[in-house]
Amino acid sequence: MQDLRVAVDVGGTFTDICIMDEATGLIRIEKTASSRDPIDGIMAGVDKAGIDLSRVALFSHGTTVATNALITRRLPRTAMVCTAGFRDVIEIRRANKEDLWDTYKDVVRPYVPRRDRLTVPERIDAQGQVVTPLDEAEARRVARILWRREVAAVAVCFMNAYVNGANERRMKAILEEELPGVPVSISSGVLPEIFEHERFSTTVVNAALSPVVVDYTTRLGERLREGGYARDLLLLHTGGGVMTPGSVKDFAARLAGSGIAAGAIASRHIAGLCGYQNSIGLDMGGTSTDVSLAYEGQSRVTKDWHIEFGYPIRFASIEVLTIGAGGGSLAWTDEAGSLRNGPQSAGAFPGPACYGNGNRQPTNSDANVVLGRLGTSLAGGKITLDRDLAAAAVREGVAEPFGLSLPAAADAILRVANANMSDAVRLISISRGYDPRDFALVAFGGAGALHGVDIARELAIPVVIVPPNPGVTSALGCLLVDIQHDFSESYLVGAAEADPAAIEAEFGRLEAEALARLAHEGVADGDIVLQRSIDMMYQGQWRSLAVPAPRPIGAIADLTEAFHRHHEREYNFRRDDAPVGFFRLNLKAVGVVPKAALVTHEPTGETPVPASRREVWFEGSAHDTPVYDRTTLPAGFCLTGPAVVEQVDSTVLVPPGTGAEVDRYLNILIRVKE
């Protein structure tokens with residue numbers, strides 16, 4: 001019987017495994033140390049959790065393999081074939097810099113060095129007419145050069161191929177003849193959109209990652225099959241869905257940033273279970289915090305992202321802001337004498353001072369230990385924290401230099417950290433036209449539940465939701481996703497000249513391609529959902545906004561009015577008298593994966609007894625505070641702050657002036673009073 005669903009999220013320190021029983025909805029978790037080869041860590045975790053892979057109906061995986069390969073530049077030798085005269089597009093970029101005023105800081109080098117960027121004569125004009133056919137003799141000469149150089153992947157990037165990819169397709173066919181077994185990515189297949197730098201950059205990343213992720217998914221699939229797993233491995237991608245290994249070869253770049261999307265998906269789902277369609281996810285771990293936003297049940301999606309500045313990846317991605325704020329973030333003093341927090345981190349080793357591994361610089365975890373908010377025993381007793389070492393670090397690093405008492409110094413460290421995280425929440429909400437008072441804050445990760453209420457108070461967010469297993473919530477997100485592919489094509493026309501029938505025909509072509517791909521992945525017709533949108537802008541601008549599009553396309557005036565409304569919410573103004581232009585057609589193709597319902601619990605009326613009590617500091621005062629074991633808290637239980645709730649993977653802080661309740665999914669909802 002196949003009655004288990006397994007999700008795996010591989011992090012730098014731990015590999016988290018979430019196992020759901022389809023029949024009961026019960027979830028259990030397992031953590032194991034990550035290994036040099038992530039596959040070894042995954043299989044060790046499977047063994048540790050006692051999972052019989054022959055009983056697994058779905059195995060979903062969020063991976064950092066692609067992200068790490070780009071960051072470390074451990075990429076196979078990749079070549080680029082361009083239109084003659086355009087080999088330097090990816091090096092010229094947009095001629096901008098991440099730090100505009102730093103004269104001496106250069107953008108990192110391209111993923112493909114200049115000597116491996118070769119050219120061939122060919123040209124297509126902006127209307128898609130072939131001006132110069134591909135010089136096939138030169139194309140074969142270039143292919144033979146690449147064969148001698150033993151390249152492992154090739155990106156083909158021709159000018160104006162987004163409107164007519166005929167020359168690229170022919171170049172690909174020649175390369176496949178001359179370089180058997182070498183993956184070839186063409187820009188018209190990867191990203192058929194205008195703006196050559198973004199198109200070329202995405203295609204290069206896709207080509208460079210293809211051998212890496214194909215090797216990884218092949219080896220992991222084989223290990224799983226050897227253990228008895230009989231179905232497709234599902235891989236989480238940045239768009240918030242999953243893809244099968246069959247799609248990885250052609251769209252490898254979609255796995256860059258795979259890991260961070262899982263937390264955003266899980267926080268949106270958990271908020272929905274609690275009745276909140278608008279939610280902000282706060283995933284705070286040991287080194288960083290990821291912030292995401294969902295509005296009316298949908299995550300914000302962006303196409304403006306990168307792993308390294310200057311080399312955009314234009315696949316649709318759930319928008320997640322990452323800042324250097326975590327339990328291990330270091331408190332330090334800048335040259336002006338101001339207290340700072342992060343992005344420097346103590347890391348997993350030596351870790352915070354309280355770990356006893358030699359670090360003497362204070363961290364957020366040390367401050368929480370000093371204030372009594374964090375206990376001295378973590379992970380079910382596997383980790384013991386030294387309060388004296390934490391106090392010494394806070395005293396030497398902050399209290400003495402600033403003339404503060406020990407509790408005041410620890411509080412100052414946390415205030416700076418909370419201010420940094422609050423700024424990130426403002427950036428993804430207020431600066432996007434959303435009012436935080438209309439949202440719930442989902443606090444998770446190992447440290448999120450310690451800081452969630454303080455951030456909610458800063459932004460007047462009325463409720464904080466803490467999931468049952470905050471430390472492995474990202475792994476849970478891997479269980480809540482569908483197979484998803486995103487298609488797009490440039491469509492440059494003014495709204496005044498737009499023809500609804502022509503737009504409908506273009507969407508029909510995209511939908512035919514989407515249906516074919518989902519059918520190839522074994523998705524039944526009844527499980528397919530197609531969602532349309534159109535990127536629009538005021539004519540003369542180059543930044544666009546995505547507007548949902550009906551099926552079939554109706555009056556252009558209705559689309560234009562929808563764009564005005566979206567623009568007003570995003571930028572706080574609209575220009576009804578300005579002409580509007582269409583920029584791009586987008587299609588999201590979803591293959592719905594059946595999801596097991598999470599188990600619910602009925603209130604018992606029981607009142608659990610605190611496991612212990614300790615002194616905890618809030619707002620400069622010490623409070624005698626009850627400490628609860630979360631496993632003893634039943635559905636329906638209510639408590640008033642101050643209180644601390646401890647569990648294996650996290651600690652929940654309920655400050656004075658707040659009330660908390662446990663819902664039927666065993667989430668803790670903390671009501672924040674204004």
# chains A, B, ... in the order shown; residues from 1 in each chain; ligands from 1
call {"tool": "residues_around", "arguments": {"residues": "Pro552 (chain A)", "least_positions_apart": "4", "cutoff": "9 Å", "atoms": "only C-alpha atoms", "output": "MDAnalysis selection string"}}
result
chainID A and resid 500:501 504
call {"tool": "write_last_selection", "arguments": {"atoms": "N, CA and C atoms", "output": "PDB file, in the first residue's frame"}}
result
ATOM      1  N   PRO A 500      -8.690  41.446 -29.614  1.00  0.00           N
ATOM      2  CA  PRO A 500      -8.955  40.338 -28.693  1.00  0.00           C
ATOM      3  C   PRO A 500      -8.825  38.969 -29.345  1.00  0.00           C
ATOM      4  N   ALA A 501      -9.242  38.847 -30.602  1.00  0.00           N
ATOM      5  CA  ALA A 501      -9.165  37.549 -31.286  1.00  0.00           C
ATOM      6  C   ALA A 501      -7.710  37.134 -31.497  1.00  0.00           C
ATOM      7  N   GLU A 504      -6.307  36.027 -28.192  1.00  0.00           N
ATOM      8  CA  GLU A 504      -6.856  34.710 -27.860  1.00  0.00           C
ATOM      9  C   GLU A 504      -6.124  33.618 -28.646  1.00  0.00           C
TER      10      GLU A 504
END
call {"tool": "residues_around", "arguments": {"residues": "Pro38 (chain A)", "least_positions_apart": "3", "cutoff": "10 Å", "atoms": "only C-alpha atoms", "output": "list in words"}}
result
Val10, Gly11, Gly12, Thr15, Ala33, Ser34, Ser35, Gly41, Ile42, Met43, Ala44, Thr63, Thr64, Val65, Tyr216 and Leu220 of chain A
call {"tool": "select_by_dssp", "arguments": {"residues": "region 344-497 of chain A", "states": "alpha helix (DSSP H)", "output": "number ranges by chain"}}
result
A: 364-370, 387-394, 400-402, 406-428, 445-459, 473-477
call {"tool": "select_by_dssp", "arguments": {"residues": "region 224-471 of chain A", "states": "strand (DSSP E or B)", "output": "PyMOL selection string"}}
result
chain A and resi 233-236+242-243+279-284+289-295+298-299+301-302+306+312+317-318+320-323+329-333+339-345+363+377-378+383-384+440-444+463-466
call {"tool": "residues_around", "arguments": {"residues": "Glu570 (chain A)", "least_positions_apart": "5", "cutoff": "10 Å", "atoms": "only C-alpha atoms", "output": "number ranges by chain"}}
result
A: 430-434, 545, 564-565
call {"tool": "atom_distance", "arguments": {"atom1": "CA of Arg613 (chain A)", "atom2": "CA of Glu400 (chain A)"}}
result
29.5 Å
call {"tool": "decode", "arguments": {"residues": "region 243-256 of chain A", "atoms": "N, CA, C and O atoms", "output": "compact mmCIF listing (two decimals), in the first residue's frame"}}
result
# COMPACT_ATOMS: atom_id res chain seq x y z
N MET A 243 8.44 20.08 -10.62
CA MET A 243 8.66 19.55 -11.96
C MET A 243 9.26 18.16 -11.83
O MET A 243 9.88 17.84 -10.82
N THR A 244 9.07 17.36 -12.85
CA THR A 244 9.62 16.01 -12.84
C THR A 244 11.02 16.04 -13.46
O THR A 244 11.38 16.99 -14.16
N PRO A 245 11.83 15.01 -13.22
CA PRO A 245 13.17 14.97 -13.82
C PRO A 245 13.15 15.09 -15.34
O PRO A 245 14.13 15.55 -15.93
N GLY A 246 12.05 14.72 -15.97
CA GLY A 246 11.96 14.83 -17.42
C GLY A 246 12.04 16.27 -17.92
O GLY A 246 12.42 16.51 -19.07
N SER A 247 11.67 17.24 -17.08
CA SER A 247 11.71 18.65 -17.48
C SER A 247 13.00 19.34 -17.07
O SER A 247 13.26 20.47 -17.49
N VAL A 248 13.80 18.68 -16.24
CA VAL A 248 14.98 19.33 -15.67
C VAL A 248 16.01 19.66 -16.74
O VAL A 248 16.62 20.73 -16.73
N LYS A 249 16.19 18.79 -17.70
CA LYS A 249 17.22 19.01 -18.72
C LYS A 249 16.97 20.30 -19.48
O LYS A 249 17.91 21.06 -19.77
N ASP A 250 15.70 20.59 -19.80
CA ASP A 250 15.38 21.76 -20.61
C ASP A 250 15.19 23.03 -19.79
O ASP A 250 15.31 24.13 -20.32
N PHE A 251 14.90 22.89 -18.49
CA PHE A 251 14.61 24.07 -17.66
C PHE A 251 15.32 23.98 -16.32
O PHE A 251 14.73 24.18 -15.26
N ALA A 252 16.61 23.69 -16.37
CA ALA A 252 17.40 23.51 -15.15
C ALA A 252 17.44 24.76 -14.29
O ALA A 252 17.49 24.68 -13.06
N ALA A 253 17.44 25.95 -14.92
CA ALA A 253 17.56 27.19 -14.15
C ALA A 253 16.37 27.43 -13.24
O ALA A 253 16.44 28.24 -12.32
N ARG A 254 15.28 26.72 -13.47
CA ARG A 254 14.12 26.89 -12.59
C ARG A 254 14.39 26.34 -11.20
O ARG A 254 13.65 26.64 -10.26
N LEU A 255 15.43 25.53 -11.04
CA LEU A 255 15.75 24.99 -9.73
C LEU A 255 16.68 25.90 -8.94
O LEU A 255 16.96 25.64 -7.77
N ALA A 256 17.17 26.99 -9.56
CA ALA A 256 17.98 27.95 -8.81
C ALA A 256 17.06 28.68 -7.84
O ALA A 256 16.09 29.31 -8.24
